[in-house]
>>> print(open('work_5.csv').read())   # CSV, C-alpha atoms
chain,number,residue,atom,x,y,z
T,1,MET,CA,-9.2,-11.8,13.9
T,2,SER,CA,-8.3,-9.4,11.2
T,3,LEU,CA,-4.9,-7.9,11.0
T,4,LEU,CA,-6.3,-4.5,10.0
T,5,GLU,CA,-9.8,-3.3,10.7
T,6,LEU,CA,-11.4,0.1,10.0
T,7,GLU,CA,-14.9,0.7,11.4
T,8,GLY,CA,-16.9,3.8,10.5
T,9,VAL,CA,-13.8,5.9,9.9
T,10,GLU,CA,-14.3,9.6,9.3
T,11,ALA,CA,-11.5,12.1,8.7
T,12,VAL,CA,-11.2,15.9,8.1
T,13,TYR,CA,-8.8,18.1,6.3
T,14,GLY,CA,-9.1,21.5,8.1
T,15,THR,CA,-12.8,22.2,7.8
T,16,THR,CA,-13.4,19.8,5.0
T,17,GLN,CA,-14.6,16.3,5.7
T,18,ALA,CA,-12.9,13.7,3.4
T,19,LEU,CA,-14.0,10.4,4.9
T,20,PHE,CA,-17.6,9.8,5.9
T,21,GLY,CA,-17.6,6.1,7.0
T,22,VAL,CA,-14.9,3.7,5.8
T,23,ASP,CA,-15.1,0.1,6.7
T,24,LEU,CA,-12.6,-2.6,5.8
T,25,ALA,CA,-11.0,-5.7,7.2
T,26,LEU,CA,-7.8,-7.4,6.0
T,27,GLY,CA,-6.8,-10.8,7.3
T,28,GLU,CA,-3.4,-12.4,7.7
T,29,GLY,CA,-1.9,-13.3,4.3
T,30,GLU,CA,-4.7,-11.6,2.4
T,31,VAL,CA,-4.4,-9.1,-0.5
T,32,LEU,CA,-7.1,-6.4,-0.4
T,33,ALA,CA,-7.7,-4.0,-3.3
T,34,LEU,CA,-8.9,-0.5,-2.1
T,35,MET,CA,-10.6,0.9,-5.2
T,36,GLY,CA,-12.6,3.9,-6.4
T,37,ARG,CA,-12.4,6.8,-8.8
T,38,ASN,CA,-9.9,9.6,-8.2
T,39,GLY,CA,-10.6,11.8,-5.2
T,40,MET,CA,-12.9,9.3,-3.5
T,41,GLY,CA,-10.7,8.9,-0.3
T,42,LYS,CA,-8.3,6.1,-1.0
T,43,SER,CA,-5.1,7.9,-0.2
T,44,THR,CA,-6.8,9.6,2.7
T,45,THR,CA,-7.7,6.2,4.1
T,46,VAL,CA,-4.1,5.2,3.9
T,47,LYS,CA,-3.0,8.4,5.7
T,48,VAL,CA,-5.4,7.5,8.5
T,49,ILE,CA,-4.1,4.0,8.8
T,50,CYS,CA,-0.5,5.2,8.9
T,51,ARG,CA,-1.5,8.0,11.4
T,52,LEU,CA,-0.4,10.8,9.0
T,53,LEU,CA,-3.9,12.1,9.4
T,54,PRO,CA,-6.1,11.5,12.5
T,55,GLN,CA,-9.6,10.1,12.2
T,56,SER,CA,-12.4,12.3,13.6
T,57,ALA,CA,-14.6,9.3,14.2
T,58,GLY,CA,-14.6,5.5,14.0
T,59,LEU,CA,-12.0,2.9,14.9
T,60,VAL,CA,-8.7,1.9,13.3
T,61,ARG,CA,-7.3,-1.4,14.7
T,62,PHE,CA,-4.0,-3.1,13.7
T,63,ASP,CA,-2.8,-6.4,15.0
T,64,GLY,CA,-5.3,-6.1,17.9
T,65,ARG,CA,-4.3,-2.5,18.9
T,66,LEU,CA,-6.2,0.7,18.4
T,67,LEU,CA,-4.1,3.3,16.6
T,68,ALA,CA,-5.9,6.5,17.6
T,69,GLY,CA,-3.5,8.9,19.1
T,70,MET,CA,-0.5,6.9,18.1
T,71,PRO,CA,2.3,8.7,16.2
T,72,ALA,CA,3.2,7.6,12.7
T,73,HIS,CA,6.7,6.2,13.7
T,74,ARG,CA,5.1,3.9,16.3
T,75,VAL,CA,2.6,2.5,13.7
T,76,ALA,CA,5.5,1.8,11.4
T,77,ARG,CA,7.3,-0.1,14.2
T,78,LEU,CA,4.2,-2.1,14.8
T,79,GLY,CA,4.6,-3.5,11.3
T,80,VAL,CA,3.0,-1.2,8.7
T,81,GLY,CA,5.2,-0.7,5.7
T,82,LEU,CA,4.1,2.1,3.3
T,83,VAL,CA,5.0,2.5,-0.3
T,84,PRO,CA,3.6,6.0,-0.8
T,85,GLU,CA,2.1,7.6,-3.9
T,86,GLY,CA,4.9,9.4,-5.7
T,87,ARG,CA,7.6,7.1,-4.4
T,88,ARG,CA,9.3,9.7,-2.2
T,89,CYS,CA,12.8,8.2,-2.2
T,90,PHE,CA,15.6,10.0,-0.4
T,91,ALA,CA,17.0,11.7,-3.5
T,92,ASN,CA,20.5,12.5,-2.2
T,93,LEU,CA,21.0,9.0,-0.6
T,94,THR,CA,22.3,6.1,-2.6
T,95,VAL,CA,20.1,3.1,-3.4
T,96,ARG,CA,21.8,1.1,-0.6
T,97,GLU,CA,21.5,4.0,1.9
T,98,ASN,CA,17.7,4.2,1.1
T,99,LEU,CA,17.3,0.5,1.7
T,100,ILE,CA,19.1,0.4,5.0
T,101,ALA,CA,17.8,3.7,6.3
T,102,ALA,CA,14.7,2.2,8.1
T,103,ALA,CA,15.7,-1.4,8.0
T,104,ARG,CA,14.6,-3.6,10.9
T,105,PRO,CA,15.7,-7.2,11.7
T,106,GLY,CA,13.8,-10.0,10.0
T,107,ASP,CA,13.5,-12.1,6.9
T,108,TRP,CA,13.8,-9.2,4.5
T,109,THR,CA,17.5,-8.4,4.1
T,110,LEU,CA,19.5,-6.5,1.6
T,111,ALA,CA,20.3,-9.7,-0.2
T,112,ARG,CA,16.7,-10.7,-0.4
T,113,VAL,CA,15.6,-7.3,-1.8
T,114,HIS,CA,18.4,-7.6,-4.4
T,115,ASP,CA,17.1,-11.0,-5.4
T,116,LEU,CA,13.6,-9.5,-5.8
T,117,PHE,CA,14.9,-6.4,-7.7
T,118,PRO,CA,18.3,-7.3,-9.3
T,119,ARG,CA,18.4,-3.8,-10.8
T,120,LEU,CA,18.8,-2.3,-7.3
T,121,ALA,CA,21.9,-4.4,-6.7
T,122,GLU,CA,23.3,-3.1,-9.9
T,123,ARG,CA,22.7,0.5,-8.9
T,124,ALA,CA,23.5,0.1,-5.2
T,125,GLY,CA,26.0,3.1,-5.1
T,126,GLN,CA,23.9,5.4,-7.3
T,127,ARG,CA,22.0,8.3,-5.9
T,128,ALA,CA,18.2,7.8,-6.0
T,129,ALA,CA,17.7,11.1,-7.8
T,130,LEU,CA,19.4,9.6,-10.8
T,131,LEU,CA,17.2,6.5,-11.1
T,132,SER,CA,14.4,6.1,-13.6
T,133,GLY,CA,10.8,6.3,-12.4
T,134,GLY,CA,10.5,2.5,-12.5
T,135,GLU,CA,13.7,2.0,-10.6
T,136,GLN,CA,12.6,4.5,-7.9
T,137,GLN,CA,9.4,2.5,-7.5
T,138,MET,CA,11.4,-0.6,-7.0
T,139,LEU,CA,13.4,1.2,-4.5
T,140,ALA,CA,10.3,2.4,-2.6
T,141,ILE,CA,9.0,-1.1,-2.4
T,142,GLY,CA,12.3,-2.5,-1.4
T,143,ARG,CA,12.7,0.1,1.3
T,144,ALA,CA,9.3,-0.7,2.8
T,145,LEU,CA,10.1,-4.5,2.7
T,146,MET,CA,13.3,-3.7,4.6
T,147,THR,CA,11.2,-2.6,7.6
T,148,ASN,CA,10.0,-6.2,7.7
T,149,PRO,CA,6.4,-5.3,7.9
T,150,LYS,CA,3.3,-7.4,8.8
T,151,LEU,CA,1.3,-5.3,6.4
T,152,LEU,CA,2.6,-3.8,3.1
T,153,ILE,CA,0.6,-0.8,1.7
T,154,LEU,CA,1.0,0.0,-2.0
T,155,ASP,CA,-0.5,3.4,-2.9
T,156,GLU,CA,-0.7,3.6,-6.8
T,157,ALA,CA,2.6,1.6,-7.1
T,158,THR,CA,2.3,1.3,-10.9
T,159,GLU,CA,1.0,4.9,-11.7
T,160,GLY,CA,2.8,6.6,-14.5
T,161,LEU,CA,5.1,3.7,-15.4
T,162,ALA,CA,5.7,2.2,-18.8
T,163,PRO,CA,3.8,-1.0,-19.5
T,164,ILE,CA,6.8,-3.2,-19.2
T,165,LEU,CA,7.7,-1.7,-15.8
T,166,ARG,CA,4.1,-1.9,-14.7
T,167,GLN,CA,4.1,-5.6,-15.4
T,168,ALA,CA,7.4,-6.0,-13.6
T,169,ILE,CA,5.8,-4.5,-10.4
T,170,TRP,CA,2.7,-6.7,-10.7
T,171,ASP,CA,5.0,-9.7,-11.1
T,172,VAL,CA,6.8,-8.7,-7.9
T,173,ILE,CA,3.5,-8.3,-6.0
T,174,ALA,CA,2.4,-11.7,-7.1
T,175,ARG,CA,5.7,-13.2,-6.1
T,176,ILE,CA,5.6,-11.6,-2.6
T,177,LYS,CA,2.1,-13.0,-2.1
T,178,ARG,CA,3.1,-16.5,-3.4
T,179,GLU,CA,6.4,-16.8,-1.5
T,180,THR,CA,5.7,-14.9,1.8
T,181,GLY,CA,2.0,-14.7,2.6
T,182,LEU,CA,2.5,-11.1,3.6
T,183,SER,CA,-0.7,-9.1,4.0
T,184,ILE,CA,-1.0,-6.4,1.3
T,185,LEU,CA,-3.3,-3.4,0.9
T,186,VAL,CA,-3.0,-2.2,-2.7
T,187,ILE,CA,-4.5,0.9,-4.3
T,188,ASP,CA,-4.7,0.7,-8.1
T,189,LYS,CA,-7.1,1.1,-11.0
T,190,SER,CA,-6.0,-2.0,-13.1
T,191,LEU,CA,-8.8,-4.5,-12.7
T,192,ARG,CA,-7.1,-7.1,-14.9
T,193,GLU,CA,-3.9,-7.0,-12.9
T,194,LEU,CA,-5.6,-6.8,-9.5
T,195,SER,CA,-7.7,-9.8,-10.4
T,196,GLN,CA,-4.4,-11.9,-10.4
T,197,VAL,CA,-3.4,-11.0,-6.9
T,198,ALA,CA,-6.3,-9.6,-4.9
T,199,ASP,CA,-8.4,-11.8,-2.6
T,200,LYS,CA,-10.9,-9.1,-1.6
T,201,ALA,CA,-11.9,-5.6,-2.6
T,202,VAL,CA,-13.4,-2.5,-1.0
T,203,ILE,CA,-14.7,0.3,-3.1
T,204,LEU,CA,-14.9,3.9,-1.9
T,205,GLU,CA,-17.4,6.5,-3.2
T,206,ARG,CA,-17.1,10.0,-1.9
T,207,GLY,CA,-15.4,8.9,1.3
T,208,ARG,CA,-17.7,6.0,2.1
T,209,SER,CA,-17.4,2.2,1.7
T,210,VAL,CA,-20.0,1.3,-0.9
T,211,TRP,CA,-19.0,-2.2,-1.9
T,212,SER,CA,-16.9,-5.0,-0.3
T,213,GLY,CA,-16.5,-8.6,-1.0
T,214,ALA,CA,-14.4,-11.2,-2.7
T,215,PHE,CA,-12.6,-9.8,-5.7
T,216,SER,CA,-14.1,-12.6,-7.9
T,217,ASP,CA,-17.6,-11.2,-7.0
T,218,LEU,CA,-16.7,-7.7,-8.4
T,219,ASP,CA,-18.8,-7.9,-11.6
T,220,ALA,CA,-19.1,-5.5,-14.6
T,221,GLY,CA,-22.2,-3.8,-13.1
T,222,VAL,CA,-20.4,-2.8,-9.9
T,223,ALA,CA,-17.3,-1.8,-11.8
T,224,GLY,CA,-19.3,0.4,-14.2
T,225,GLN,CA,-21.2,2.0,-11.4
T,226,TYR,CA,-18.3,2.9,-9.1
T,227,LEU,CA,-15.1,2.6,-11.1
T,228,GLY,CA,-16.2,4.1,-14.4
T,229,VAL,CA,-15.0,1.1,-16.5
>>> encode(input="work_5.csv", output="structure tokens")
Amino acid sequence: MSLLELEGVEAVYGTTQALFGVDLALGEGEVLALMGRNGMGKSTTVKVICRLLPQSAGLVRFDGRLLAGMPAHRVARLGVGLVPEGRRCFANLTVRENLIAAARPGDWTLARVHDLFPRLAERAGQRAALLSGGEQQMLAIGRALMTNPKLLILDEATEGLAPILRQAIWDVIARIKRETGLSILVIDKSLRELSQVADKAVILERGRSVWSGAFSDLDAGVAGQYLGV
């Protein structure tokens, strides 16, 4: 059984329909790349999974439970850890306070996050507002891991970062996969980097799932048609 399943999911912003039929399945220990051009529904899909936006049709199932009608905080407690687009760290809290704010018991501890991101240990007493963009992204990932999730969702985790920091984030994602077997849903545009970590891919086009399969089967023709590369 899949850890996360979406079947025929539709969603609406006000009077505007944004999703017209999204299907995906993510198993235990898998990394799934959710792909598509800008504005095709990727972040909206994440909002539906996290119950920040209700679906108007279809099913969303996580760990065997239907999520319809469930508030966002309950979904988080079920084990969905979100690293949102734009980082959204608590600017006036210190790095340490950000990390422990939503911490839950489990394998991911402050010491383990510091091992993954030594820079966060160095800046433990510094306010998040004073961190660089790359450091804030590390903090956002560390904060999500501190909830000890069953599923980690990374929404454009490398967007806007300098190349050296982008690579550092990709190295961390690969390490998490290698050392923990945590299920990961990652939204990104970097085919080369995704190919190093993703087991499967789903491509969205205008709010619909138009391609899914093993990442290794995503060829240049499909990429050119739906991703513009």
>>> residues_near_point(input="work_5.csv", point="(4.5, 3.0, 6.3)", cutoff="10 Å", atoms="only C-alpha atoms", output="number ranges by chain")
T: 46-47, 49-52, 72-73, 75-84, 144, 147, 149, 151-154
>>> atom_distance(input="work_5.csv", atom1="CA of Phe62 in chain T", atom2="CA of Ala25 in chain T")
9.9 Å
>>> residues_around(input="work_5.csv", residues="Ala128 in chain T", least_positions_apart="6", cutoff="9 Å", atoms="only C-alpha atoms", output="CSV table (one decimal) with C-alpha atoms, in the coordinates of the input")
chain,number,residue,atom,x,y,z
T,89,CYS,CA,12.8,8.2,-2.2
T,90,PHE,CA,15.6,10.0,-0.4
T,91,ALA,CA,17.0,11.7,-3.5
T,92,ASN,CA,20.5,12.5,-2.2
T,93,LEU,CA,21.0,9.0,-0.6
T,94,THR,CA,22.3,6.1,-2.6
T,95,VAL,CA,20.1,3.1,-3.4
T,98,ASN,CA,17.7,4.2,1.1
T,135,GLU,CA,13.7,2.0,-10.6
T,136,GLN,CA,12.6,4.5,-7.9
T,139,LEU,CA,13.4,1.2,-4.5
>>> residues_around(input="work_5.csv", residues="range 194-211 of chain T", least_positions_apart="5", cutoff="8 Å", atoms="all atoms listed in the file", output="list in words")
Ala18, Leu19, Phe20, Gly21, Val22, Asp23, Leu24, Glu30, Val31, Leu32, Ala33, Leu34, Met35, Gly36, Arg37, Gly39, Met40, Gly41, Lys42, Ile173, Ala174, Lys177, Asp188, Ser216, Leu218 and Tyr226 of chain T
>>> closest_residue(input="work_5.csv", among="T:Gly106, T:Gly228, T:Gly64, T:Pro54", to="Leu4 in chain T", atoms="only C-alpha atoms")
T:Gly64
>>> atom_distance(input="work_5.csv", atom1="CA of Glu28 in chain T", atom2="CA of Phe215 in chain T")
16.5 Å
>>> closest_residue(input="work_5.csv", among="T:Ala57, T:Leu6, T:Leu130, T:Val113", to="Leu145 in chain T", atoms="only C-alpha atoms")
T:Val113
>>> atom_distance(input="work_5.csv", atom1="CA of Leu53 in chain T", atom2="CA of Asp155 in chain T")
15.4 Å
>>> residues_around(input="work_5.csv", residues="range 103-105 of chain T", least_positions_apart="2", cutoff="7 Å", atoms="all atoms listed in the file", output="PDB file with C-alpha atoms, keeping the file's coordinate frame")
ATOM      1  CA  LEU T  99      17.300   0.500   1.700  1.00  0.00           C
ATOM      2  CA  ILE T 100      19.100   0.400   5.000  1.00  0.00           C
ATOM      3  CA  ALA T 101      17.800   3.700   6.300  1.00  0.00           C
ATOM      4  CA  MET T 146      13.300  -3.700   4.600  1.00  0.00           C
ATOM      5  CA  THR T 147      11.200  -2.600   7.600  1.00  0.00           C
ATOM      6  CA  ASN T 148      10.000  -6.200   7.700  1.00  0.00           C
TER       7      ASN T 148
END
>>> residues_around(input="work_5.csv", residues="Arg175 in chain T", least_positions_apart="4", cutoff="12 Å", atoms="all atoms listed in the file", output="list in words")
Asp115, Leu116, Phe117, Ala168, Ile169, Trp170, Asp171, Glu179, Thr180, Gly181, Leu182, Gln196 and Val197 of chain T
>>> closest_residue(input="work_5.csv", among="T:Leu161, T:Lys150, T:Glu10, T:Val222", to="Gly29 in chain T", atoms="all atoms listed in the file")
T:Lys150
>>> closest_residue(input="work_5.csv", among="T:Gly14, T:Thr44, T:Asp107, T:Glu7", to="Leu59 in chain T", atoms="all atoms listed in the file")
T:Glu7
>>> decode(input="work_5.csv", residues="range 164-204 of chain T", atoms="N, CA and C atoms", output="compact mmCIF listing (two decimals), in the first residue's frame")
# COMPACT_ATOMS: atom_id res chain seq x y z
N ILE T 164 26.56 26.75 -5.07
CA ILE T 164 27.21 25.94 -4.04
C ILE T 164 26.23 25.54 -2.95
N LEU T 165 25.28 26.42 -2.64
CA LEU T 165 24.26 26.11 -1.64
C LEU T 165 23.21 25.16 -2.19
N ARG T 166 22.88 25.33 -3.47
CA ARG T 166 21.96 24.38 -4.11
C ARG T 166 22.52 22.96 -4.02
N GLN T 167 23.80 22.82 -4.33
CA GLN T 167 24.41 21.49 -4.28
C GLN T 167 24.42 20.96 -2.86
N ALA T 168 24.63 21.84 -1.88
CA ALA T 168 24.63 21.40 -0.48
C ALA T 168 23.26 20.84 -0.09
N ILE T 169 22.20 21.48 -0.56
CA ILE T 169 20.84 20.99 -0.26
C ILE T 169 20.61 19.64 -0.94
N TRP T 170 21.03 19.50 -2.21
CA TRP T 170 20.88 18.22 -2.90
C TRP T 170 21.67 17.12 -2.21
N ASP T 171 22.84 17.46 -1.71
CA ASP T 171 23.65 16.47 -0.98
C ASP T 171 22.93 16.01 0.28
N VAL T 172 22.26 16.94 0.94
CA VAL T 172 21.51 16.60 2.15
C VAL T 172 20.32 15.70 1.81
N ILE T 173 19.61 16.01 0.73
CA ILE T 173 18.47 15.18 0.33
C ILE T 173 18.95 13.76 0.03
N ALA T 174 20.07 13.64 -0.68
CA ALA T 174 20.61 12.32 -0.99
C ALA T 174 21.02 11.59 0.29
N ARG T 175 21.57 12.30 1.23
CA ARG T 175 22.00 11.68 2.49
C ARG T 175 20.78 11.21 3.29
N ILE T 176 19.73 12.02 3.33
CA ILE T 176 18.51 11.62 4.04
C ILE T 176 17.95 10.35 3.43
N LYS T 177 17.90 10.30 2.10
CA LYS T 177 17.39 9.10 1.43
C LYS T 177 18.27 7.89 1.76
N ARG T 178 19.57 8.08 1.68
CA ARG T 178 20.51 6.98 1.85
C ARG T 178 20.51 6.44 3.29
N GLU T 179 20.43 7.35 4.25
CA GLU T 179 20.61 6.95 5.64
C GLU T 179 19.32 6.65 6.38
N THR T 180 18.18 7.15 5.90
CA THR T 180 16.94 7.02 6.67
C THR T 180 15.83 6.27 5.96
N GLY T 181 15.81 6.29 4.62
CA GLY T 181 14.69 5.69 3.92
C GLY T 181 13.40 6.46 4.08
N LEU T 182 13.49 7.73 4.45
CA LEU T 182 12.31 8.57 4.60
C LEU T 182 11.65 8.80 3.24
N SER T 183 10.33 8.74 3.19
CA SER T 183 9.61 9.05 1.96
C SER T 183 9.68 10.55 1.72
N ILE T 184 9.96 10.94 0.47
CA ILE T 184 10.15 12.36 0.15
C ILE T 184 9.37 12.70 -1.13
N LEU T 185 8.63 13.79 -1.07
CA LEU T 185 8.00 14.38 -2.25
C LEU T 185 8.72 15.68 -2.52
N VAL T 186 9.36 15.79 -3.69
CA VAL T 186 10.19 16.97 -3.97
C VAL T 186 9.71 17.65 -5.24
N ILE T 187 9.53 18.96 -5.14
CA ILE T 187 9.20 19.80 -6.29
C ILE T 187 10.45 20.57 -6.66
N ASP T 188 10.90 20.40 -7.88
CA ASP T 188 12.09 21.13 -8.36
C ASP T 188 12.13 21.04 -9.87
N LYS T 189 12.96 21.89 -10.47
CA LYS T 189 13.08 21.93 -11.93
C LYS T 189 14.37 21.30 -12.44
N SER T 190 15.25 20.91 -11.53
CA SER T 190 16.59 20.49 -11.92
C SER T 190 16.63 19.01 -12.24
N LEU T 191 16.49 18.69 -13.52
CA LEU T 191 16.45 17.29 -13.94
C LEU T 191 17.72 16.53 -13.55
N ARG T 192 18.86 17.15 -13.71
CA ARG T 192 20.12 16.46 -13.42
C ARG T 192 20.19 16.09 -11.95
N GLU T 193 19.87 17.03 -11.06
CA GLU T 193 19.94 16.75 -9.64
C GLU T 193 18.84 15.79 -9.20
N LEU T 194 17.64 15.96 -9.75
CA LEU T 194 16.55 15.05 -9.41
C LEU T 194 16.87 13.61 -9.80
N SER T 195 17.57 13.45 -10.91
CA SER T 195 17.90 12.11 -11.38
C SER T 195 18.78 11.35 -10.39
N GLN T 196 19.46 12.07 -9.50
CA GLN T 196 20.34 11.44 -8.53
C GLN T 196 19.58 10.93 -7.30
N VAL T 197 18.34 11.43 -7.09
CA VAL T 197 17.63 11.07 -5.85
C VAL T 197 16.23 10.50 -6.10
N ALA T 198 15.59 10.86 -7.22
CA ALA T 198 14.18 10.49 -7.41
C ALA T 198 14.02 9.09 -7.96
N ASP T 199 13.10 8.34 -7.38
CA ASP T 199 12.74 7.02 -7.89
C ASP T 199 11.66 7.11 -8.96
N LYS T 200 10.72 8.02 -8.75
CA LYS T 200 9.57 8.16 -9.63
C LYS T 200 9.32 9.64 -9.91
N ALA T 201 8.49 9.91 -10.92
CA ALA T 201 8.11 11.28 -11.24
C ALA T 201 6.66 11.33 -11.67
N VAL T 202 6.03 12.44 -11.35
CA VAL T 202 4.70 12.78 -11.87
C VAL T 202 4.80 14.18 -12.44
N ILE T 203 4.31 14.36 -13.67
CA ILE T 203 4.32 15.67 -14.32
C ILE T 203 2.91 16.21 -14.40
N LEU T 204 2.77 17.48 -14.00
CA LEU T 204 1.48 18.15 -14.09
C LEU T 204 1.47 19.13 -15.25
